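Participant: Input structure: entry_16.cif, which contains mmCIF, C-alpha atoms.
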data_work
#
loop_
_atom_site.group_PDB
_atom_site.id
_atom_site.type_symbol
_atom_site.label_atom_id
_atom_site.label_comp_id
_atom_site.auth_asym_id
_atom_site.auth_seq_id
_atom_site.Cartn_x
_atom_site.Cartn_y
_atom_site.Cartn_z
ATOM 1 C CA MET A 930 169.016 271.420 5.964
ATOM 2 C CA THR A 931 169.863 275.092 5.822
ATOM 3 C CA ASP A 932 167.808 277.985 7.058
ATOM 4 C CA THR A 933 166.767 278.603 3.431
ATOM 5 C CA ASP A 934 164.629 275.473 3.655
ATOM 6 C CA GLN A 935 162.515 277.088 6.381
ATOM 7 C CA PRO A 936 159.727 279.590 5.662
ATOM 8 C CA GLN A 937 161.485 282.937 5.334
ATOM 9 C CA GLN A 938 160.599 286.495 6.168
ATOM 10 C CA PRO A 939 160.296 288.789 3.165
ATOM 11 C CA ALA A 940 163.413 290.948 2.731
ATOM 12 C CA ASP A 941 161.443 294.210 2.834
ATOM 13 C CA THR A 942 160.099 293.680 6.361
ATOM 14 C CA ALA A 943 162.977 295.356 8.246
ATOM 15 C CA SER A 944 161.420 298.816 8.053
ATOM 16 C CA ARG A 945 158.230 297.472 9.639
ATOM 17 C CA LEU A 946 159.799 295.715 12.619
ATOM 18 C CA ILE A 947 158.525 296.546 16.090
ATOM 19 C CA ASP A 948 160.056 295.931 19.515
ATOM 20 C CA THR A 949 157.884 293.622 21.606
ATOM 21 C CA ARG A 950 157.944 290.476 23.700
ATOM 22 C CA VAL A 951 156.916 287.033 22.561
ATOM 23 C CA CYS A 952 156.236 283.670 24.159
ATOM 24 C CA ILE A 953 154.888 280.225 23.469
ATOM 25 C CA ASP A 954 152.074 280.019 25.972
ATOM 26 C CA ASP A 955 153.663 279.598 29.406
ATOM 27 C CA MET A 956 156.243 277.141 28.068
ATOM 28 C CA LEU A 957 158.837 279.472 26.568
ATOM 29 C CA GLY A 958 159.472 283.135 27.234
ATOM 30 C CA PRO A 959 158.529 285.861 27.300
ATOM 31 C CA TYR A 960 161.543 287.211 25.439
ATOM 32 C CA ASP A 961 162.329 290.594 23.921
ATOM 33 C CA ALA A 962 162.102 290.403 20.138
ATOM 34 C CA LYS A 963 161.786 292.411 16.966
ATOM 35 C CA LEU A 964 159.235 291.366 14.389
ATOM 36 C CA ASN A 965 156.873 292.427 11.657
ATOM 37 C CA PRO A 966 153.400 291.914 13.160
ATOM 38 C CA ASN A 967 151.937 291.353 9.687
ATOM 39 C CA ASN A 968 154.375 288.588 8.767
ATOM 40 C CA ARG A 969 152.789 285.357 9.995
ATOM 41 C CA TRP A 970 153.009 281.620 9.500
ATOM 42 C CA ASN A 971 149.602 279.995 10.069
ATOM 43 C CA GLY A 972 148.807 283.006 12.260
ATOM 44 C CA TRP A 973 151.986 282.687 14.368
ATOM 45 C CA LEU A 974 154.800 285.247 14.618
ATOM 46 C CA PHE A 975 158.335 285.321 13.160
ATOM 47 C CA PRO A 976 160.321 286.824 16.058
ATOM 48 C CA ASN A 977 163.949 287.931 15.746
ATOM 49 C CA PHE A 978 166.202 287.696 18.804
ATOM 50 C CA THR A 979 169.587 288.943 19.911
ATOM 51 C CA LEU A 980 172.296 286.334 20.371
ATOM 52 C CA ASP A 981 172.043 286.763 24.160
ATOM 53 C CA THR A 982 168.327 285.913 24.008
ATOM 54 C CA VAL A 983 169.043 282.966 21.701
ATOM 55 C CA ARG A 984 171.419 281.665 24.373
ATOM 56 C CA LYS A 985 168.543 281.800 26.904
ATOM 57 C CA ILE A 986 166.234 279.978 24.501
ATOM 58 C CA ALA A 987 168.967 277.394 23.895
ATOM 59 C CA ALA A 988 169.357 276.734 27.617
ATOM 60 C CA VAL A 989 165.611 276.260 28.069
ATOM 61 C CA THR A 990 165.161 273.960 25.057
ATOM 62 C CA GLN A 991 168.156 271.816 25.998
ATOM 63 C CA GLY A 992 166.887 271.539 29.575
ATOM 64 C CA ALA A 993 163.457 270.539 28.305
ATOM 65 C CA ALA A 994 164.997 267.871 26.054
ATOM 66 C CA ASP A 995 166.867 266.469 29.040
ATOM 67 C CA GLU A 996 163.685 266.431 31.117
ATOM 68 C CA TYR A 997 161.041 265.378 28.563
ATOM 69 C CA GLY A 998 163.126 263.589 25.941
ATOM 70 C CA HIS A 999 164.702 264.555 22.684
ATOM 71 C CA ASP A 1000 162.002 262.790 20.655
ATOM 72 C CA VAL A 1001 159.473 265.495 21.588
ATOM 73 C CA THR A 1002 161.649 268.578 21.981
ATOM 74 C CA ASP A 1003 163.451 270.665 19.400
ATOM 75 C CA THR A 1004 166.665 272.173 20.727
ATOM 76 C CA ILE A 1005 168.569 275.320 19.923
ATOM 77 C CA HIS A 1006 172.358 275.405 20.258
ATOM 78 C CA VAL A 1007 174.830 278.277 20.127
ATOM 79 C CA ILE A 1008 178.296 277.146 19.117
ATOM 80 C CA ASP A 1009 180.970 279.754 19.704
ATOM 81 C CA GLY A 1010 183.838 279.916 17.232
ATOM 82 C CA GLY A 1011 186.398 282.424 18.385
ATOM 83 C CA ILE A 1012 186.676 285.871 16.854
ATOM 84 C CA ASP A 1013 186.242 286.936 13.224
ATOM 85 C CA HIS A 1014 188.646 289.073 11.161
ATOM 86 C CA GLU A 1015 187.015 292.258 12.536
ATOM 87 C CA GLY A 1016 187.487 291.198 16.159
ATOM 88 C CA GLU A 1017 183.827 290.285 16.692
ATOM 89 C CA PRO A 1018 182.804 287.018 18.365
ATOM 90 C CA ARG A 1019 181.609 284.307 15.991
ATOM 91 C CA ALA A 1020 178.728 281.993 16.734
ATOM 92 C CA VAL A 1021 176.671 279.433 14.854
ATOM 93 C CA VAL A 1022 173.040 278.988 15.893
ATOM 94 C CA LEU A 1023 171.731 275.499 15.261
ATOM 95 C CA HIS A 1024 168.117 274.264 15.408
ATOM 96 C CA VAL A 1025 167.861 270.495 15.904
ATOM 97 C CA SER A 1026 164.564 268.682 15.318
ATOM 98 C CA TRP A 1027 165.358 265.433 17.101
ATOM 99 C CA GLN A 1028 162.104 263.704 16.172
ATOM 100 C CA TRP A 1029 163.448 263.336 12.603
ATOM 101 C CA PHE A 1030 166.885 261.997 13.624
ATOM 102 C CA ASP A 1031 166.044 258.288 13.690
ATOM 103 C CA GLU A 1032 164.452 258.542 10.249
ATOM 104 C CA GLY A 1033 167.745 259.733 8.776
ATOM 105 C CA SER A 1034 166.074 262.876 7.580
ATOM 106 C CA GLN A 1035 168.000 265.699 5.954
ATOM 107 C CA THR A 1036 165.770 268.066 7.958
ATOM 108 C CA THR A 1037 167.105 267.100 11.383
ATOM 109 C CA ALA A 1038 169.269 270.217 11.788
ATOM 110 C CA SER A 1039 169.339 273.691 10.322
ATOM 111 C CA ILE A 1040 171.645 276.653 10.751
ATOM 112 C CA ILE A 1041 169.901 279.898 11.630
ATOM 113 C CA GLN A 1042 171.715 282.802 10.011
ATOM 114 C CA PRO A 1043 171.506 286.280 11.540
ATOM 115 C CA ASN A 1044 169.643 288.931 9.563
ATOM 116 C CA ASP A 1045 171.173 292.277 8.562
ATOM 117 C CA GLU A 1046 170.681 293.569 12.123
ATOM 118 C CA GLY A 1047 172.428 290.537 13.645
ATOM 119 C CA LEU A 1048 169.150 289.071 14.938
ATOM 120 C CA TYR A 1049 168.128 285.408 14.705
ATOM 121 C CA SER A 1050 164.667 284.101 13.769
ATOM 122 C CA VAL A 1051 164.427 281.146 16.131
ATOM 123 C CA GLY A 1052 161.383 278.988 15.504
ATOM 124 C CA GLY A 1053 159.927 281.383 12.953
ATOM 125 C CA GLY A 1054 157.782 279.369 10.579
ATOM 126 C CA ALA A 1055 157.759 276.301 12.817
ATOM 127 C CA TRP A 1056 156.921 277.279 16.415
ATOM 128 C CA THR A 1057 153.767 278.887 17.766
ATOM 129 C CA TRP A 1058 155.190 282.240 18.920
ATOM 130 C CA HIS A 1059 152.631 284.860 19.933
ATOM 131 C CA PHE A 1060 152.735 288.261 21.605
ATOM 132 C CA ALA A 1061 153.337 288.377 25.349
ATOM 133 C CA THR A 1062 150.769 290.519 27.121
ATOM 134 C CA TRP A 1063 150.520 292.826 30.107
ATOM 135 C CA THR A 1064 147.520 293.443 32.341
ATOM 136 C CA CYS A 1065 146.377 296.958 33.143
ATOM 137 C CA THR A 1066 145.167 297.946 36.598
ATOM 138 C CA CYS A 1067 141.699 298.336 35.019
ATOM 139 C CA GLY A 1068 141.811 294.639 34.103
ATOM 140 C CA GLY A 1069 142.392 295.139 30.388
ATOM 141 C CA GLU A 1070 145.021 293.036 28.644
ATOM 142 C CA GLU A 1071 147.298 294.410 25.927
ATOM 143 C CA GLU A 1072 150.043 293.032 23.711
ATOM 144 C CA TRP A 1073 153.497 293.936 25.046
ATOM 145 C CA HIS A 1074 154.342 296.546 22.389
ATOM 146 C CA VAL A 1075 151.131 298.471 23.162
ATOM 147 C CA THR A 1076 152.283 300.977 25.763
ATOM 148 C CA HIS A 1077 148.845 302.250 26.841
ATOM 149 C CA CYS A 1078 145.680 300.375 27.682
ATOM 150 C CA GLU A 1079 142.417 301.214 25.913
ATOM 151 C CA CYS A 1080 141.407 302.946 29.163
ATOM 152 C CA GLY A 1081 144.335 305.343 28.661
ATOM 153 C CA LEU A 1082 146.589 304.096 31.467
ATOM 154 C CA PRO A 1083 150.228 303.392 30.575
ATOM 155 C CA ARG A 1084 151.875 300.012 30.924
ATOM 156 C CA PRO A 1085 153.211 299.933 34.499
ATOM 157 C CA GLU A 1086 156.971 299.992 34.976
ATOM 158 C CA ASP A 1087 156.696 296.889 37.141
ATOM 159 C CA ALA A 1088 155.162 294.964 34.220
ATOM 160 C CA ALA A 1089 158.701 294.059 33.205
ATOM 161 C CA VAL A 1090 159.264 290.331 32.981
ATOM 162 C CA ASP A 1091 162.246 288.664 34.630
ATOM 163 C CA GLU A 1092 163.979 286.638 31.914
ATOM 164 C CA ALA A 1093 166.639 285.377 34.318
ATOM 165 C CA ALA A 1094 164.604 282.286 35.227
ATOM 166 C CA PRO A 1095 162.792 281.110 32.085
ATOM 167 C CA ASP A 1096 160.308 278.266 32.193
ATOM 168 C CA THR A 1097 161.077 274.914 30.630
ATOM 169 C CA ALA A 1098 159.491 273.999 27.348
ATOM 170 C CA THR A 1099 158.561 271.185 25.050
ATOM 171 C CA ILE A 1100 158.899 272.543 21.531
ATOM 172 C CA THR A 1101 158.393 270.482 18.410
ATOM 173 C CA ASN A 1102 158.305 271.413 14.763
ATOM 174 C CA ALA A 1103 154.793 271.885 13.518
#
The structure in this file should be written as structure tokens.
Facilitator:
Amino acid sequence: MTDTDQPQQPADTASRLIDTRVCIDDMLGPYDAKLNPNNRWNGWLFPNFTLDTVRKIAAVTQGAADEYGHDVTDTIHVIDGGIDHEGEPRAVVLHVSWQWFDEGSQTTASIIQPNDEGLYSVGGGAWTWHFATWTCTCGGEEEWHVTHCECGLPRPEDAAVDEAAPDTATITNA
């Protein structure tokens, strides 16, 4: 299965992308992402990630598959392939839905192509990504890309999330 078999983001969404953070509950993330907040699949987001962030997601999903089993966990893989003709590193991003493997399904694996900005839509159209939030000192909660609380206070500098130690996850195709 190729990435064209997955629900796709409309081509004209690039001008409406915002910088934010996304997560899947407390299982995966939060990760920095770019997305169009109006482009949804069953209410869930289509985040776009840098290759470095995809590598973090890959490590977490593979660890979760080792811990919880491949039958219940989709995995992301980054396969490096040397350098292209312009001297840039090459990589293939692969999404494997292991629960379909034993059925011999053509939908077991898909290649995720980068968009025009070199970002990858991991889990877009299949996983339940939502906005990460921050909590104001007044107690209000805001989505990550909102830089000021309704009370007027700015998002604190220490609201930054440490992505160095991501949580494990069990992610399956919806």
Participant: Out of A:Asn977, A:Ser1034, A:Thr1002, A:Asn971, which residue has the shortest atom-to-atom distance to Ala1055 (chain A) when counting all atoms listed in the file?
Facilitator: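 Looking only at the distances to Ala1055 (chain A), the closest residue turns out to be A:Asn971.
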Participant: Expand the PyMOL selection byres ((chain A and resi 1073-1084) around 7) into the individual residues it matches in the shown file, reporting them as a PyMOL selection string.
Facilitator: chain A and resi 948-950+1060-1063+1065+1069+1071-1072+1085-1086+1088
Participant: Between CA of Val1021 (chain A) and CA of Asp981 (chain A), measure the distance and give it in Å to one decimal.
Facilitator: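 Interatomic distance here is 12.7 Å.
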Participant: Report, in Å to a single decimal, how far apart CA of Val1025 (chain A) and CA of Val1001 (chain A) are.
Facilitator: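 Pair CA of Val1001 (chain A) / CA of Val1025 (chain A) returns 11.3 Å.
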Participant: Please indicate the distance in Å from CA of Leu1023 (chain A) to CA of His1006 (chain A), rounded to one decimal place.
Facilitator: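 Interatomic distance here is 5.0 Å.
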Participant: Any chance you could resolve the PyMOL selection byres ((chain A and resi 980) around 9) against this file and give the residues as a list of chain:residue names?
Facilitator: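 With the shown file as input, the PyMOL selection byres ((chain A and resi 980) around 9) matches A:Phe978, A:Thr979, A:Asp981, A:Thr982, A:Val983, A:Arg984, A:Lys985, A:Val1007, A:Ala1020, A:Val1022, A:Pro1043, A:Gly1047, A:Leu1048, A:Tyr1049.
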Participant: Please, could you write that set of residues out with C-alpha atoms as a CSV table (one decimal), in the frame of the given file?
Facilitator:
chain,number,residue,atom,x,y,z
A,978,PHE,CA,166.2,287.7,18.8
A,979,THR,CA,169.6,288.9,19.9
A,981,ASP,CA,172.0,286.8,24.2
A,982,THR,CA,168.3,285.9,24.0
A,983,VAL,CA,169.0,283.0,21.7
A,984,ARG,CA,171.4,281.7,24.4
A,985,LYS,CA,168.5,281.8,26.9
A,1007,VAL,CA,174.8,278.3,20.1
A,1020,ALA,CA,178.7,282.0,16.7
A,1022,VAL,CA,173.0,279.0,15.9
A,1043,PRO,CA,171.5,286.3,11.5
A,1047,GLY,CA,172.4,290.5,13.6
A,1048,LEU,CA,169.2,289.1,14.9
A,1049,TYR,CA,168.1,285.4,14.7
Participant: Given all atoms listed in the file as the basis, pick out the residue of A:Asp995, A:Arg945, A:Pro1018, A:Pro976 nearest to Asp961 (chain A).
Facilitator: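 For Asp961 (chain A), the nearest of the given residues is A:Pro976.
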Participant: Any idea what's packed within 9 Å of Gly1052 (chain A), counting all atoms listed in the file, ignoring anything in its chain fewer than 6 positions away? Could you give it as JSON, numbers by chain?
Facilitator: {"A": [975, 976, 1024, 1058, 1102]}
Participant: Nearest to Val989 (chain A) among A:Ile1041, A:Pro959, A:Ile947, A:Gly1010, with distances taken over only C-alpha atoms: which residue is it?
Facilitator: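 Closest candidate: A:Pro959.
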Participant: Tell me which of A:Glu996, A:Glu1015, A:Asp954, A:Glu1032 sits closest to Trp1056 (chain A), counting all atoms listed in the file.
Facilitator: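 Ranked by minimum distance to Trp1056 (chain A), first place goes to A:Asp954.
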Participant: Given all atoms listed in the file as the basis, pick out the residue of A:Gly1053, A:Thr1066, A:His1059, A:Gly1011 nearest to Gly958 (chain A).
Facilitator: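 Of the candidates, the smallest distance to Gly958 (chain A) is held by A:His1059.
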Participant: Please evaluate the PyMOL selection byres ((chain A and resi 966) around 9) against the displayed coordinates and give the resulting residues as a PyMOL selection string.
Facilitator: chain A and resi 945-947+964-965+967-969+974-975
